[in-house]
file start_26.cif (mmCIF, N, CA and C atoms)
data_protein
#
loop_
_atom_site.label_atom_id
_atom_site.label_comp_id
_atom_site.auth_asym_id
_atom_site.auth_seq_id
_atom_site.Cartn_x
_atom_site.Cartn_y
_atom_site.Cartn_z
N LYS Y 1 0.21 -8.14 4.23
CA LYS Y 1 -0.91 -7.39 3.68
C LYS Y 1 -0.68 -7.00 2.23
N SER Y 2 0.54 -6.58 1.90
CA SER Y 2 0.80 -6.13 0.53
C SER Y 2 0.67 -7.27 -0.46
N ILE Y 3 0.99 -8.50 -0.03
CA ILE Y 3 0.83 -9.64 -0.93
C ILE Y 3 -0.66 -9.86 -1.22
N ARG Y 4 -1.49 -9.78 -0.23
CA ARG Y 4 -2.93 -10.00 -0.42
C ARG Y 4 -3.56 -8.95 -1.32
N ARG Y 5 -3.07 -7.70 -1.20
CA ARG Y 5 -3.62 -6.62 -2.01
C ARG Y 5 -3.23 -6.71 -3.48
N THR Y 6 -2.02 -7.16 -3.76
CA THR Y 6 -1.50 -7.07 -5.11
C THR Y 6 -1.53 -8.38 -5.89
N THR Y 7 -1.92 -9.50 -5.26
CA THR Y 7 -1.86 -10.79 -5.94
C THR Y 7 -3.21 -11.49 -5.95
N ASP Y 8 -3.29 -12.54 -6.78
CA ASP Y 8 -4.48 -13.37 -6.87
C ASP Y 8 -4.16 -14.74 -6.30
N LEU Y 9 -5.09 -15.29 -5.49
CA LEU Y 9 -4.91 -16.61 -4.90
C LEU Y 9 -5.64 -17.63 -5.76
N ILE Y 10 -4.93 -18.69 -6.14
CA ILE Y 10 -5.51 -19.77 -6.93
C ILE Y 10 -5.42 -21.04 -6.09
N LYS Y 11 -6.57 -21.64 -5.78
CA LYS Y 11 -6.61 -22.84 -4.96
C LYS Y 11 -6.85 -24.05 -5.84
N ARG Y 12 -5.99 -25.03 -5.72
CA ARG Y 12 -6.18 -26.33 -6.36
C ARG Y 12 -6.40 -27.34 -5.25
N THR Y 13 -6.54 -28.61 -5.61
CA THR Y 13 -6.81 -29.62 -4.60
C THR Y 13 -5.67 -29.77 -3.60
N THR Y 14 -4.42 -29.82 -4.07
CA THR Y 14 -3.30 -29.99 -3.16
C THR Y 14 -2.30 -28.84 -3.22
N LEU Y 15 -2.56 -27.81 -3.98
CA LEU Y 15 -1.58 -26.74 -4.16
C LEU Y 15 -2.27 -25.38 -4.19
N TRP Y 16 -1.78 -24.46 -3.39
CA TRP Y 16 -2.27 -23.08 -3.40
C TRP Y 16 -1.15 -22.21 -3.93
N ARG Y 17 -1.51 -21.26 -4.81
CA ARG Y 17 -0.51 -20.36 -5.41
C ARG Y 17 -1.02 -18.94 -5.42
N ARG Y 18 -0.08 -18.00 -5.27
CA ARG Y 18 -0.38 -16.58 -5.44
C ARG Y 18 0.39 -16.07 -6.63
N HIS Y 19 -0.31 -15.40 -7.55
CA HIS Y 19 0.29 -14.84 -8.75
C HIS Y 19 0.12 -13.33 -8.77
N TYR Y 20 1.12 -12.65 -9.31
CA TYR Y 20 1.06 -11.22 -9.57
C TYR Y 20 0.97 -11.06 -11.07
N THR Y 21 -0.08 -10.41 -11.56
CA THR Y 21 -0.24 -10.18 -12.99
C THR Y 21 0.35 -8.83 -13.34
N VAL Y 22 1.27 -8.82 -14.29
CA VAL Y 22 1.99 -7.61 -14.67
C VAL Y 22 1.11 -6.77 -15.59
N ALA Y 23 0.88 -5.50 -15.23
CA ALA Y 23 0.04 -4.61 -16.02
C ALA Y 23 0.84 -3.94 -17.14
N LYS Y 24 2.06 -3.51 -16.84
CA LYS Y 24 2.95 -2.94 -17.86
C LYS Y 24 4.35 -3.47 -17.62
N SER Y 25 5.18 -3.44 -18.63
CA SER Y 25 6.52 -4.01 -18.56
C SER Y 25 7.35 -3.30 -17.49
N VAL Y 26 7.76 -4.05 -16.47
CA VAL Y 26 8.53 -3.50 -15.35
C VAL Y 26 9.67 -4.45 -15.00
N PRO Y 27 10.70 -3.96 -14.31
CA PRO Y 27 11.75 -4.86 -13.83
C PRO Y 27 11.24 -5.74 -12.68
N LEU Y 28 11.89 -6.85 -12.47
CA LEU Y 28 11.49 -7.78 -11.41
C LEU Y 28 11.68 -7.16 -10.03
N SER Y 29 12.63 -6.25 -9.89
CA SER Y 29 12.86 -5.61 -8.60
C SER Y 29 11.68 -4.74 -8.18
N THR Y 30 10.97 -4.16 -9.12
CA THR Y 30 9.79 -3.37 -8.82
C THR Y 30 8.67 -4.26 -8.29
N ILE Y 31 8.51 -5.44 -8.87
CA ILE Y 31 7.51 -6.40 -8.41
C ILE Y 31 7.88 -6.88 -7.01
N ALA Y 32 9.16 -7.10 -6.76
CA ALA Y 32 9.62 -7.53 -5.43
C ALA Y 32 9.30 -6.47 -4.38
N ARG Y 33 9.52 -5.21 -4.71
CA ARG Y 33 9.23 -4.14 -3.77
C ARG Y 33 7.75 -4.00 -3.49
N SER Y 34 6.91 -4.12 -4.53
CA SER Y 34 5.48 -3.91 -4.34
C SER Y 34 4.80 -5.07 -3.62
N THR Y 35 5.34 -6.28 -3.74
CA THR Y 35 4.74 -7.43 -3.06
C THR Y 35 5.37 -7.75 -1.73
N GLY Y 36 6.60 -7.30 -1.50
CA GLY Y 36 7.28 -7.57 -0.24
C GLY Y 36 8.03 -8.90 -0.24
N VAL Y 37 8.20 -9.52 -1.40
CA VAL Y 37 8.93 -10.77 -1.53
C VAL Y 37 10.32 -10.45 -2.08
N SER Y 38 11.35 -11.15 -1.59
CA SER Y 38 12.71 -10.86 -2.01
C SER Y 38 12.94 -11.22 -3.47
N LEU Y 39 13.88 -10.54 -4.09
CA LEU Y 39 14.20 -10.75 -5.49
C LEU Y 39 14.73 -12.17 -5.72
N ASN Y 40 15.56 -12.66 -4.82
CA ASN Y 40 16.11 -14.01 -4.97
C ASN Y 40 15.01 -15.08 -4.90
N GLU Y 41 14.02 -14.87 -4.06
CA GLU Y 41 12.92 -15.84 -3.97
C GLU Y 41 12.07 -15.82 -5.24
N LEU Y 42 11.86 -14.65 -5.81
CA LEU Y 42 11.11 -14.57 -7.07
C LEU Y 42 11.87 -15.27 -8.20
N LEU Y 43 13.18 -15.12 -8.23
CA LEU Y 43 13.99 -15.80 -9.24
C LEU Y 43 13.95 -17.31 -9.06
N ARG Y 44 13.92 -17.77 -7.82
CA ARG Y 44 13.87 -19.20 -7.54
C ARG Y 44 12.51 -19.80 -7.94
N LEU Y 45 11.43 -19.07 -7.65
CA LEU Y 45 10.09 -19.57 -7.97
C LEU Y 45 9.78 -19.52 -9.47
N ASN Y 46 10.33 -18.54 -10.17
CA ASN Y 46 10.05 -18.34 -11.58
C ASN Y 46 11.32 -18.55 -12.39
N ARG Y 47 11.64 -19.77 -12.66
CA ARG Y 47 12.87 -20.09 -13.39
C ARG Y 47 12.77 -19.56 -14.83
N GLY Y 48 13.83 -18.90 -15.28
CA GLY Y 48 13.87 -18.40 -16.65
C GLY Y 48 13.22 -17.05 -16.84
N ILE Y 49 12.89 -16.35 -15.76
CA ILE Y 49 12.27 -15.03 -15.89
C ILE Y 49 13.36 -13.97 -16.01
N SER Y 50 13.07 -12.92 -16.74
CA SER Y 50 14.03 -11.83 -16.95
C SER Y 50 14.04 -10.90 -15.74
N ARG Y 51 15.22 -10.46 -15.34
CA ARG Y 51 15.32 -9.50 -14.24
C ARG Y 51 14.96 -8.09 -14.69
N LEU Y 52 15.21 -7.78 -15.96
CA LEU Y 52 15.10 -6.40 -16.42
C LEU Y 52 13.72 -6.01 -16.91
N ALA Y 53 13.06 -6.86 -17.67
CA ALA Y 53 11.77 -6.48 -18.22
C ALA Y 53 10.82 -7.68 -18.21
N VAL Y 54 9.89 -7.67 -17.28
CA VAL Y 54 8.84 -8.68 -17.25
C VAL Y 54 7.70 -8.12 -18.08
N LYS Y 55 7.32 -8.80 -19.13
CA LYS Y 55 6.35 -8.26 -20.09
C LYS Y 55 4.94 -8.23 -19.51
N ASN Y 56 4.13 -7.32 -20.04
CA ASN Y 56 2.77 -7.19 -19.55
C ASN Y 56 1.94 -8.43 -19.90
N GLY Y 57 1.03 -8.77 -18.98
CA GLY Y 57 0.21 -9.96 -19.14
C GLY Y 57 0.82 -11.20 -18.53
N ARG Y 58 2.09 -11.15 -18.14
CA ARG Y 58 2.77 -12.31 -17.55
C ARG Y 58 2.33 -12.49 -16.10
N LYS Y 59 2.12 -13.72 -15.69
CA LYS Y 59 1.79 -14.01 -14.30
C LYS Y 59 3.07 -14.47 -13.60
N VAL Y 60 3.44 -13.75 -12.56
CA VAL Y 60 4.65 -14.05 -11.81
C VAL Y 60 4.23 -14.77 -10.53
N LEU Y 61 4.81 -15.95 -10.29
CA LEU Y 61 4.50 -16.71 -9.09
C LEU Y 61 5.17 -16.06 -7.90
N ILE Y 62 4.37 -15.75 -6.87
CA ILE Y 62 4.85 -15.06 -5.70
C ILE Y 62 5.00 -16.02 -4.52
N TRP Y 63 4.08 -16.97 -4.38
CA TRP Y 63 4.04 -17.84 -3.21
C TRP Y 63 3.32 -19.11 -3.60
N GLN Y 64 3.72 -20.24 -3.03
CA GLN Y 64 2.98 -21.48 -3.22
C GLN Y 64 3.09 -22.33 -1.97
N CYS Y 65 2.04 -23.14 -1.72
CA CYS Y 65 1.98 -23.98 -0.53
C CYS Y 65 1.30 -25.29 -0.91
N SER Y 66 1.87 -26.38 -0.47
CA SER Y 66 1.28 -27.68 -0.69
C SER Y 66 0.48 -28.08 0.54
N THR Y 67 -0.73 -28.59 0.35
CA THR Y 67 -1.60 -28.94 1.48
C THR Y 67 -1.55 -30.42 1.82
N ARG Y 68 -0.57 -31.14 1.30
CA ARG Y 68 -0.46 -32.56 1.62
C ARG Y 68 0.35 -32.81 2.83
#
call {"tool": "encode", "arguments": {"input": "start_26.cif", "output": "structure tokens"}}
result
Amino acid sequence: KSIRRTTDLIKRTTLWRRHYTVAKSVPLSTIARSTGVSLNELLRLNRGISRLAVKNGRKVLIWQCSTR
């Protein structure tokens, strides 16, 4: 439920993704707590993202599924 409340679903032809849009600069652990996704999974999905300060306006990938 918390993922549905806090993220946006983007549907493509073969790929569905959920993104969390950062409103103000926060650590990645805060995003993990608010969405219910583990910190290690967020780091795996978003290569090169900072653990300490995710800048505002950034879209963080939370979940993705291939429909093929």
call {"tool": "select_by_dssp", "arguments": {"input": "start_26.cif", "residues": "stretch 1-66 of chain Y", "states": "strand (DSSP E or B)", "output": "PyMOL selection string"}}
result
chain Y and resi 8-11+15-21+26+54+59-66
call {"tool": "write_last_selection", "arguments": {"input": "start_26.cif", "atoms": "N, CA and C atoms", "output": "PDB file, in the frame of the given file"}}
result
ATOM      1  N   ASP Y   8      -3.290 -12.540  -6.780  1.00  0.00           N
ATOM      2  CA  ASP Y   8      -4.480 -13.370  -6.870  1.00  0.00           C
ATOM      3  C   ASP Y   8      -4.160 -14.740  -6.300  1.00  0.00           C
ATOM      4  N   LEU Y   9      -5.090 -15.290  -5.490  1.00  0.00           N
ATOM      5  CA  LEU Y   9      -4.910 -16.610  -4.900  1.00  0.00           C
ATOM      6  C   LEU Y   9      -5.640 -17.630  -5.760  1.00  0.00           C
ATOM      7  N   ILE Y  10      -4.930 -18.690  -6.140  1.00  0.00           N
ATOM      8  CA  ILE Y  10      -5.510 -19.770  -6.930  1.00  0.00           C
ATOM      9  C   ILE Y  10      -5.420 -21.040  -6.090  1.00  0.00           C
ATOM     10  N   LYS Y  11      -6.570 -21.640  -5.780  1.00  0.00           N
ATOM     11  CA  LYS Y  11      -6.610 -22.840  -4.960  1.00  0.00           C
ATOM     12  C   LYS Y  11      -6.850 -24.050  -5.840  1.00  0.00           C
ATOM     13  N   LEU Y  15      -2.560 -27.810  -3.980  1.00  0.00           N
ATOM     14  CA  LEU Y  15      -1.580 -26.740  -4.160  1.00  0.00           C
ATOM     15  C   LEU Y  15      -2.270 -25.380  -4.190  1.00  0.00           C
ATOM     16  N   TRP Y  16      -1.780 -24.460  -3.390  1.00  0.00           N
ATOM     17  CA  TRP Y  16      -2.270 -23.080  -3.400  1.00  0.00           C
ATOM     18  C   TRP Y  16      -1.150 -22.210  -3.930  1.00  0.00           C
ATOM     19  N   ARG Y  17      -1.510 -21.260  -4.810  1.00  0.00           N
ATOM     20  CA  ARG Y  17      -0.510 -20.360  -5.410  1.00  0.00           C
ATOM     21  C   ARG Y  17      -1.020 -18.940  -5.420  1.00  0.00           C
ATOM     22  N   ARG Y  18      -0.080 -18.000  -5.270  1.00  0.00           N
ATOM     23  CA  ARG Y  18      -0.380 -16.580  -5.440  1.00  0.00           C
ATOM     24  C   ARG Y  18       0.390 -16.070  -6.630  1.00  0.00           C
ATOM     25  N   HIS Y  19      -0.310 -15.400  -7.550  1.00  0.00           N
ATOM     26  CA  HIS Y  19       0.290 -14.840  -8.750  1.00  0.00           C
ATOM     27  C   HIS Y  19       0.120 -13.330  -8.770  1.00  0.00           C
ATOM     28  N   TYR Y  20       1.120 -12.650  -9.310  1.00  0.00           N
ATOM     29  CA  TYR Y  20       1.060 -11.220  -9.570  1.00  0.00           C
ATOM     30  C   TYR Y  20       0.970 -11.060 -11.070  1.00  0.00           C
ATOM     31  N   THR Y  21      -0.080 -10.410 -11.560  1.00  0.00           N
ATOM     32  CA  THR Y  21      -0.240 -10.180 -12.990  1.00  0.00           C
ATOM     33  C   THR Y  21       0.350  -8.830 -13.340  1.00  0.00           C
ATOM     34  N   VAL Y  26       7.760  -4.050 -16.470  1.00  0.00           N
ATOM     35  CA  VAL Y  26       8.530  -3.500 -15.350  1.00  0.00           C
ATOM     36  C   VAL Y  26       9.670  -4.450 -15.000  1.00  0.00           C
ATOM     37  N   VAL Y  54       9.890  -7.670 -17.280  1.00  0.00           N
ATOM     38  CA  VAL Y  54       8.840  -8.680 -17.250  1.00  0.00           C
ATOM     39  C   VAL Y  54       7.700  -8.120 -18.080  1.00  0.00           C
ATOM     40  N   LYS Y  59       2.120 -13.720 -15.690  1.00  0.00           N
ATOM     41  CA  LYS Y  59       1.790 -14.010 -14.300  1.00  0.00           C
ATOM     42  C   LYS Y  59       3.070 -14.470 -13.600  1.00  0.00           C
ATOM     43  N   VAL Y  60       3.440 -13.750 -12.560  1.00  0.00           N
ATOM     44  CA  VAL Y  60       4.650 -14.050 -11.810  1.00  0.00           C
ATOM     45  C   VAL Y  60       4.230 -14.770 -10.530  1.00  0.00           C
ATOM     46  N   LEU Y  61       4.810 -15.950 -10.290  1.00  0.00           N
ATOM     47  CA  LEU Y  61       4.500 -16.710  -9.090  1.00  0.00           C
ATOM     48  C   LEU Y  61       5.170 -16.060  -7.900  1.00  0.00           C
ATOM     49  N   ILE Y  62       4.370 -15.750  -6.870  1.00  0.00           N
ATOM     50  CA  ILE Y  62       4.850 -15.060  -5.700  1.00  0.00           C
ATOM     51  C   ILE Y  62       5.000 -16.020  -4.520  1.00  0.00           C
ATOM     52  N   TRP Y  63       4.080 -16.970  -4.380  1.00  0.00           N
ATOM     53  CA  TRP Y  63       4.040 -17.840  -3.210  1.00  0.00           C
ATOM     54  C   TRP Y  63       3.320 -19.110  -3.600  1.00  0.00           C
ATOM     55  N   GLN Y  64       3.720 -20.240  -3.030  1.00  0.00           N
ATOM     56  CA  GLN Y  64       2.980 -21.480  -3.220  1.00  0.00           C
ATOM     57  C   GLN Y  64       3.090 -22.330  -1.970  1.00  0.00           C
ATOM     58  N   CYS Y  65       2.040 -23.140  -1.720  1.00  0.00           N
ATOM     59  CA  CYS Y  65       1.980 -23.980  -0.530  1.00  0.00           C
ATOM     60  C   CYS Y  65       1.300 -25.290  -0.910  1.00  0.00           C
ATOM     61  N   SER Y  66       1.870 -26.380  -0.470  1.00  0.00           N
ATOM     62  CA  SER Y  66       1.280 -27.680  -0.690  1.00  0.00           C
ATOM     63  C   SER Y  66       0.480 -28.080   0.540  1.00  0.00           C
TER      64      SER Y  66
END
call {"tool": "resolve_selection", "arguments": {"input": "start_26.cif", "expression": "the PyMOL selection byres (((chain Y and resi 36 and name CA) around 12) and name CA)", "output": "JSON, numbers by chain"}}
result
{"Y": [1, 2, 3, 4, 5, 6, 7, 20, 28, 29, 30, 31, 32, 33, 34, 35, 37, 38, 39, 40, 41, 42, 62, 63]}
call {"tool": "resolve_selection", "arguments": {"input": "start_26.cif", "expression": "the PyMOL selection byres (((chain Y and resi 46-58 and name CA) around 8) and name CA)", "output": "number ranges by chain"}}
result
Y: 21-29, 42-45, 59-61
call {"tool": "atom_distance", "arguments": {"input": "start_26.cif", "atom1": "atom C of Y:Thr67", "atom2": "atom C of Y:Arg18"}}
result
16.8 Å
call {"tool": "resolve_selection", "arguments": {"input": "start_26.cif", "expression": "the PyMOL selection byres ((chain Y and resi 15) around 7)", "output": "list in words"}}
result
Ile10, Lys11, Arg12, Thr13, Thr14, Trp16, Arg17, Gln64, Cys65, Ser66, Thr67 and Arg68 of chain Y
call {"tool": "select_by_dssp", "arguments": {"input": "start_26.cif", "residues": "chain Y", "states": "alpha helix (DSSP H)", "output": "ChimeraX atom specification"}}
result
/Y:2-6,28-35,39-45
